[in-house]
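K.L.:
Just one file: final-v3.txt, with compact mmCIF, C-alpha atoms.
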# COMPACT_ATOMS: atom_id res chain seq x y z
CA MET A 1 0.00 0.00 0.00
CA HIS A 2 1.33 3.40 -0.93
CA ILE A 3 1.53 5.94 1.88
CA THR A 4 2.57 9.43 0.85
CA LYS A 5 5.38 11.27 2.57
CA GLN A 6 2.99 14.00 3.82
CA GLU A 7 0.81 11.37 5.52
CA ARG A 8 3.83 9.71 7.09
CA ILE A 9 5.15 13.05 8.38
CA ALA A 10 1.71 13.93 9.82
CA ILE A 11 1.55 10.56 11.62
CA TYR A 12 5.10 10.94 12.94
CA LYS A 13 4.44 14.50 14.16
CA MET A 14 1.35 13.45 16.04
CA LEU A 15 3.15 10.45 17.53
CA PHE A 16 6.06 12.62 18.64
CA ASN A 17 3.83 15.35 20.12
CA ASP A 18 1.63 12.98 22.11
CA GLY A 19 4.03 10.09 22.72
CA VAL A 20 1.15 7.68 22.10
CA MET A 21 -1.11 6.72 19.22
CA VAL A 22 -4.46 4.91 19.10
CA ALA A 23 -6.20 3.32 16.12
CA VAL A 24 -9.29 1.16 15.75
CA LYS A 25 -8.79 -2.18 14.03
CA SER A 26 -11.34 -2.09 11.26
CA ARG A 27 -11.57 -3.40 7.72
CA LYS A 28 -13.86 -0.57 6.69
CA PRO A 29 -12.23 2.30 4.78
CA GLU A 30 -12.60 5.02 7.40
CA MET A 31 -10.53 7.99 8.42
CA HIS A 32 -8.47 8.09 11.60
CA CYS A 33 -10.32 9.67 14.52
CA GLU A 34 -7.66 12.31 15.25
CA LEU A 35 -5.95 12.66 11.87
CA LYS A 36 -9.07 13.46 9.87
CA THR A 37 -7.45 13.39 6.42
CA ILE A 38 -5.53 10.12 6.79
CA PRO A 39 -7.14 6.67 6.47
CA ASN A 40 -7.00 4.47 9.55
CA ILE A 41 -5.26 1.64 7.68
CA HIS A 42 -2.36 3.96 6.78
CA VAL A 43 -1.84 4.78 10.46
CA ILE A 44 -1.86 1.08 11.37
CA LEU A 45 0.63 0.16 8.65
CA THR A 46 2.96 3.05 9.49
CA MET A 47 2.94 2.09 13.15
CA LYS A 48 3.55 -1.57 12.32
CA SER A 49 6.71 -0.54 10.51
CA LEU A 50 7.86 1.36 13.61
CA VAL A 51 7.06 -1.70 15.76
CA SER A 52 9.24 -3.88 13.54
CA LYS A 53 12.10 -1.40 13.97
CA GLN A 54 11.41 -1.47 17.77
CA TYR A 55 10.78 2.27 18.00
CA VAL A 56 7.32 1.86 19.54
CA LYS A 57 5.65 -0.68 21.80
CA GLU A 58 2.32 -2.10 20.66
CA ASN A 59 -0.64 -3.16 22.81
CA TYR A 60 -3.91 -4.52 21.49
CA CYS A 61 -7.12 -4.57 23.48
CA TRP A 62 -10.78 -4.72 22.42
CA ASN A 63 -10.24 -3.94 18.73
CA HIS A 64 -7.95 -0.99 19.47
CA PHE A 65 -4.23 -0.70 18.85
CA TYR A 66 -2.25 1.33 21.37
CA TRP A 67 1.31 2.37 20.56
CA THR A 68 3.74 4.07 22.96
CA LEU A 69 6.95 5.69 21.86
CA ASN A 70 10.19 4.52 23.51
CA ASN A 71 13.58 6.29 23.79
CA GLU A 72 14.99 4.90 20.54
CA GLY A 73 11.84 6.03 18.74
CA ILE A 74 12.19 9.54 20.15
CA ILE A 75 15.75 9.77 18.80
CA TYR A 76 14.65 8.39 15.41
CA LEU A 77 11.72 10.81 15.06
CA ARG A 78 13.87 13.79 16.09
CA GLY A 79 16.25 12.94 13.28
CA TYR A 80 13.50 12.23 10.74
CA LEU A 81 11.50 15.38 11.53
CA HIS A 82 14.63 17.57 12.08
CA LEU A 83 13.59 18.61 15.60
CA PRO A 84 15.88 20.09 18.28
CA SER A 85 16.90 17.91 21.21
CA GLN A 86 15.02 20.10 23.71
CA LEU A 87 11.63 18.92 22.44
CA VAL A 88 10.17 15.83 24.12
CA PRO A 89 6.76 14.11 23.84
CA SER A 90 4.04 15.32 26.20
CA THR A 91 4.02 11.95 27.99
CA LEU A 92 7.51 12.69 29.33
CA ILE A 93 6.69 16.17 30.63
CA ASN A 94 5.88 16.28 34.33
CA HIS A 95 2.81 18.41 34.82
CA ARG A 96 2.43 20.16 38.14
CA ARG A 97 -0.61 18.92 40.01
CA GLU A 98 -2.93 21.34 41.70
CA VAL A 99 -3.69 20.46 45.31
CA PRO A 100 -7.21 21.52 46.27
CA LYS A 101 -7.47 23.68 49.35
CA VAL A 102 -9.73 22.49 52.14
CA VAL A 103 -12.53 24.94 52.78
CA GLY A 104 -14.14 25.12 56.20
CA ASN A 105 -13.22 24.15 59.74
CA ALA A 106 -14.36 20.54 59.65
CA GLY A 107 -10.99 18.89 60.17
CA THR A 108 -8.99 21.57 61.95
CA ASP A 109 -9.10 19.90 65.37
CA ARG A 110 -7.64 16.70 63.95
CA CYS A 111 -4.84 18.27 61.96
CA PHE A 112 -3.20 20.57 64.46
CA PRO A 113 -1.40 19.30 67.57
CA SER A 114 -2.23 22.55 69.41
CA ASN A 115 -5.77 21.24 69.94
CA PRO A 116 -5.33 17.71 71.32
CA ARG A 117 -8.28 15.45 71.89
CA THR A 118 -9.61 15.17 75.39
CA GLU A 119 -10.93 12.21 77.30
CA ASP A 120 -14.49 13.44 76.76
CA ASP A 121 -14.08 12.97 73.00
CA ARG A 122 -13.12 9.35 73.52
CA ARG A 123 -16.06 8.54 75.79
CA VAL A 124 -18.41 9.04 72.88
CA TYR A 125 -16.92 6.07 71.09
CA ARG A 126 -15.70 3.86 73.91
CA ARG A 127 -17.46 2.37 76.88
CA LEU A 128 -15.43 2.28 80.04
CA GLU A 129 -15.88 -0.72 82.32
CA GLY A 130 -16.64 1.22 85.47
CA GLN A 131 -19.12 3.51 83.78
CA VAL A 132 -22.82 3.28 84.66
CA GLY A 133 -24.99 1.84 81.91
CA SER A 134 -22.32 -0.27 80.28
CA ALA A 135 -23.53 -3.82 79.88
CA LYS A 136 -21.10 -6.64 80.42
CA LYS A 137 -21.08 -9.55 78.05
CA LEU A 138 -23.53 -12.22 79.00
CA ASP A 139 -22.86 -15.90 78.44
CA ASP A 140 -26.47 -16.75 77.63
CA THR A 141 -26.75 -14.69 74.46
CA GLY A 142 -26.32 -15.80 70.86
CA ALA A 143 -27.42 -18.73 68.76
CA GLY A 144 -28.14 -22.04 70.48
CA THR A 145 -28.74 -20.75 74.00
CA ASN A 146 -32.55 -20.98 74.02
CA ASP A 147 -34.69 -24.11 73.87
CA LEU A 148 -35.59 -25.32 70.42
CA VAL A 149 -39.20 -24.82 69.40
CA PHE A 150 -40.71 -26.86 66.59
CA ARG A 151 -43.78 -25.47 64.92
CA GLY A 152 -45.74 -27.56 62.51
CA GLY A 153 -47.49 -26.49 59.34
CA PHE A 154 -44.66 -24.82 57.46
CA GLY A 155 -43.09 -25.98 54.22
CA ARG A 156 -43.48 -29.42 52.58
CA GLY A 157 -43.72 -31.38 55.77
CA SER A 158 -47.19 -30.13 56.62
CA GLN A 159 -49.48 -32.88 55.42
CA THR A 160 -52.85 -33.34 56.96
CA ASN A 161 -54.76 -36.60 56.99
CA GLU A 162 -58.26 -35.75 55.79
CA ASN A 163 -59.49 -39.22 54.74
Please express the file's structure as structure tokens.
P.N.:
Amino acid sequence: MHITKQERIAIYKMLFNDGVMVAVKSRKPEMHCELKTIPNIHVILTMKSLVSKQYVKENYCWNHFYWTLNNEGIIYLRGYLHLPSQLVPSTLINHRREVPKVVGNAGTDRCFPSNPRTEDDRRVYRRLEGQVGSAKKLDDTGAGTNDLVFRGGFGRGSQTNEN
């Protein structure tokens, strides 16, 4: 299949910018979802050639091809596209994460050691042995401590003799 140089350059540029490429495995002649002017089969064949040269790693899952660019592929694409060595794919750039600020006073007593918890806070959750109203464990509670009671008339075993 003939792939033009402009198509190959467009595929390589997108692969270098993103660091990854995705294509749907389909036999229908459809265009690639991100590269609107290039058929999907051209993207798959171009990426297969890079896989055979071991410039990208290929994963396949649920009728989708996923390709990730490795270090040798970055060097190859820089040379092919005549890019400076300062440019790297966006997958290798560390983005600074925004930490959300906590609004309100809900957790301030737990976070700061200047306001330690008191014994009154713990009494809410714990029962002390000497405290009034605390029940001690009884030995006669639970399954199997009462007498068994059989009641008739339930289920299949309830047959009456009406002859």
K.L.:
Write out as a VMD selection string the residues lying within 8 Å of Asn17 in chain A, counting all atoms listed in the file and excluding same-chain residues fewer than 3 positions away.
P.N.:
chain A and resid 13 to 14 88 to 90
K.L.:
Nearest to Leu83 in chain A among A:Lys57, A:Ala10, A:Glu98, A:Phe16, with distances taken over all atoms listed in the file: which residue is it?
P.N.:
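Checking each of A:Lys57, A:Ala10, A:Glu98, A:Phe16 against Leu83 in chain A, counting all atoms listed in the file, the winner is A:Phe16.
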K.L.:
Just to confirm, what's the straight-line distance from CA of Ile44 in chain A to CA of Lys28 in chain A in Å (one decimal)?
P.N.:
13.0 Å
K.L.:
Have a look at CA of Val22 in chain A and CA of Tyr55 in chain A and let me know their distance in Å, one decimal.
P.N.:
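Calculated distance between CA of Val22 in chain A and CA of Tyr55 in chain A is 15.5 Å.
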K.L.:
So how far away is CA of Glu34 in chain A from CA of Leu77 in chain A, in Å?
P.N.:
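Answer for the CA of Leu77 in chain A to CA of Glu34 in chain A separation: 19.4 Å.
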K.L.:
Go through A:Thr91, A:Ser52, A:Gln86, A:Thr46 and flag the residue nearest Thr68 in chain A, using only C-alpha atoms for the distances.
P.N.:
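Closest to Thr68 in chain A, using only C-alpha atoms: A:Thr91.
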K.L.:
Quick one: of A:Asp18, A:Gln6, A:Ile11, A:Gln54, who's nearest to Ile93 in chain A, counting all atoms listed in the file?
P.N.:
A:Asp18
K.L.:
Can you work out which one of A:Leu45, A:Val56, A:Trp62, A:Asn146 has the shortest atom-to-atom distance to Tyr76 in chain A, counting all atoms listed in the file?
P.N.:
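With all atoms listed in the file as the atom set, the closest residue is A:Val56.
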K.L.:
Neighbours of Phe65 in chain A within 7 Å (all atoms listed in the file; same-chain residues fewer than 6 positions away dropped), as a VMD selection string?
P.N.:
chain A and resid 22 to 25 58 to 59
K.L.:
For Tyr60 in chain A, which residue out of A:Met21, A:Ala143, A:Asn94, A:Glu30 is the nearest one, using only C-alpha atoms?
P.N.:
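Selected residue with least distance to Tyr60 in chain A: A:Met21.
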K.L.:
Which residue gives the smallest distance to Ile38 in chain A among A:Lys53, A:Lys101, A:Arg8, A:His64, with all atoms listed in the file counted?
P.N.:
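Going through A:Lys53, A:Lys101, A:Arg8, A:His64 one by one, the smallest distance to Ile38 in chain A is for A:Arg8.
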K.L.:
Report as a list of chain:residue names all protein, DNA and RNA residues lying within 10 Å of Met1 in chain A, evaluated on only C-alpha atoms, omitting residues in the same chain fewer than 3 positions from it.
P.N.:
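The residues satisfying every condition are A:Thr4, A:Ile41, A:His42, A:Leu45.
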